[in-house]
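Q: Take this structure, written in structure tokens, and hold onto it; I'll ask about it next.
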Amino acid sequence: MAQGGYSYIMTNKARGVLYIGVTASLAARVEQHRNGTGSAVCKKYGLTLLVLAGPHDDITHAIAREKALMGRKREWKSGA
């Protein structure tokens with residue numbers, strides 16, 4: 001049986017830098033980003049605000065959603 005996961009978007013402020021990611025444990029991953037250990041991009045730009053998260057029954061669905069979000073234009077993501 002496949003493990004579930006989350007697709008999510010982090011930012012640093014309104015109309016700021018956006019980071020799109022996927023994880024199996026949302027709370028742990030957000031904590032990593034806030035501590036500066038989650039990713040180099042989040043650390044560099046101070047991305048500590050979770051603005052969107054979507055649960056998925058299967059991690060492969062979370063990855064597919066992440067790729068779909070990455071393919072969207074910024075205007076759509078900001079309104080998401």
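Scheme for the structure tokens: letters A, B, ... for chains in order shown; per-chain residue numbers from 1; ligand numbers from 1 in order shown.
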Contacts of Lys44 (chain A) at 12 Å or less, counting only C-alpha atoms, minus same-chain residues fewer than 3 places along, as a VMD selection string?
A: chain A and resid 11 to 12 17 19 33 to 41 47 to 48
Q: Determine which residues of chain A receive a DSSP assignment of alpha helix (DSSP H), computed from the backbone, and state them as a PyMOL selection string.
A: chain A and resi 26-35+40-45+59-70+74-79
Q: My list of candidates is A:His56, A:Lys67, A:Leu50, A:Leu26. Which is closest to Ala14 (chain A) when distances are computed with only C-alpha atoms?
A: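 Smallest separation from Ala14 (chain A) among the options: A:Leu50.
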Q: Pick from A:Leu18, A:Ala24, A:Cys42, A:Ile9: nearest to Asp57 (chain A), with only C-alpha atoms counted?
A: A:Ala24
Q: Name the residues of chain A that come out as strand (DSSP E) in a backbone DSSP run; write them as a VMD selection string.
A: chain A and resid 5 to 11 18 to 23 49 to 56
Q: Take the residues from that selection and put them in a file with N, CA and C atoms, as a short mmCIF file (atom, residue, chain, number, x, y, z; two decimals), in the first residue's frame.
A:
```
data_model
loop_
_atom_site.label_atom_id
_atom_site.label_comp_id
_atom_site.auth_asym_id
_atom_site.auth_seq_id
_atom_site.Cartn_x
_atom_site.Cartn_y
_atom_site.Cartn_z
N GLY A 5 0.77 11.68 1.07
CA GLY A 5 1.68 12.81 1.12
C GLY A 5 0.94 14.12 0.94
N TYR A 6 1.69 15.19 0.86
CA TYR A 6 1.14 16.53 0.72
C TYR A 6 1.91 17.30 -0.35
N SER A 7 1.20 18.09 -1.10
CA SER A 7 1.85 19.11 -1.94
C SER A 7 1.60 20.43 -1.21
N TYR A 8 2.56 21.36 -1.28
CA TYR A 8 2.41 22.58 -0.50
C TYR A 8 3.14 23.75 -1.16
N ILE A 9 2.75 24.96 -0.74
CA ILE A 9 3.41 26.18 -1.19
C ILE A 9 3.81 26.99 0.04
N MET A 10 5.07 27.44 0.04
CA MET A 10 5.61 28.29 1.10
C MET A 10 5.95 29.65 0.49
N THR A 11 5.92 30.70 1.32
CA THR A 11 6.33 32.03 0.88
C THR A 11 6.96 32.77 2.06
N LEU A 18 7.82 32.25 -4.04
CA LEU A 18 7.02 31.05 -3.82
C LEU A 18 7.91 29.81 -3.94
N TYR A 19 7.68 28.85 -3.05
CA TYR A 19 8.36 27.57 -3.10
C TYR A 19 7.30 26.49 -3.10
N ILE A 20 7.37 25.59 -4.05
CA ILE A 20 6.41 24.49 -4.14
C ILE A 20 7.14 23.19 -3.83
N GLY A 21 6.56 22.39 -2.94
CA GLY A 21 7.21 21.16 -2.55
C GLY A 21 6.23 20.03 -2.31
N VAL A 22 6.78 18.88 -1.98
CA VAL A 22 5.99 17.69 -1.67
C VAL A 22 6.66 16.98 -0.49
N THR A 23 5.85 16.40 0.38
CA THR A 23 6.38 15.72 1.56
C THR A 23 5.40 14.67 2.06
N LEU A 49 6.24 30.87 5.68
CA LEU A 49 4.78 30.90 5.73
C LEU A 49 4.17 29.84 4.81
N LEU A 50 3.42 28.94 5.38
CA LEU A 50 2.70 27.94 4.60
C LEU A 50 1.42 28.59 4.09
N VAL A 51 1.23 28.65 2.76
CA VAL A 51 0.06 29.31 2.22
C VAL A 51 -0.94 28.35 1.58
N LEU A 52 -0.49 27.16 1.22
CA LEU A 52 -1.40 26.18 0.63
C LEU A 52 -0.84 24.79 0.87
N ALA A 53 -1.72 23.86 1.25
CA ALA A 53 -1.31 22.47 1.41
C ALA A 53 -2.47 21.58 0.99
N GLY A 54 -2.15 20.55 0.25
CA GLY A 54 -3.18 19.62 -0.21
C GLY A 54 -2.79 18.20 0.13
N PRO A 55 -3.66 17.47 0.86
CA PRO A 55 -3.37 16.07 1.18
C PRO A 55 -3.67 15.16 -0.01
N HIS A 56 -2.91 14.08 -0.12
CA HIS A 56 -3.09 13.10 -1.19
C HIS A 56 -2.98 11.71 -0.58
#
```
Q: I'd like the interatomic distance between CA of Ile59 (chain A) and CA of Gly4 (chain A), to a tenth of an Å.
A: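 Between these atoms lies a distance of 4.9 Å.
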Q: I'd like to know which of A:Arg65, A:Asp58, A:Arg72, A:Gly16 is closest to Gly46 (chain A), using only C-alpha atoms.
A: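 Using only C-alpha atoms, the shortest distance to Gly46 (chain A) belongs to A:Gly16.
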Q: Record the distance separating CA of Ala62 (chain A) and CA of Arg29 (chain A), expressed in Å with one decimal.
A: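 That distance, rounded to one decimal, is 14.3 Å.
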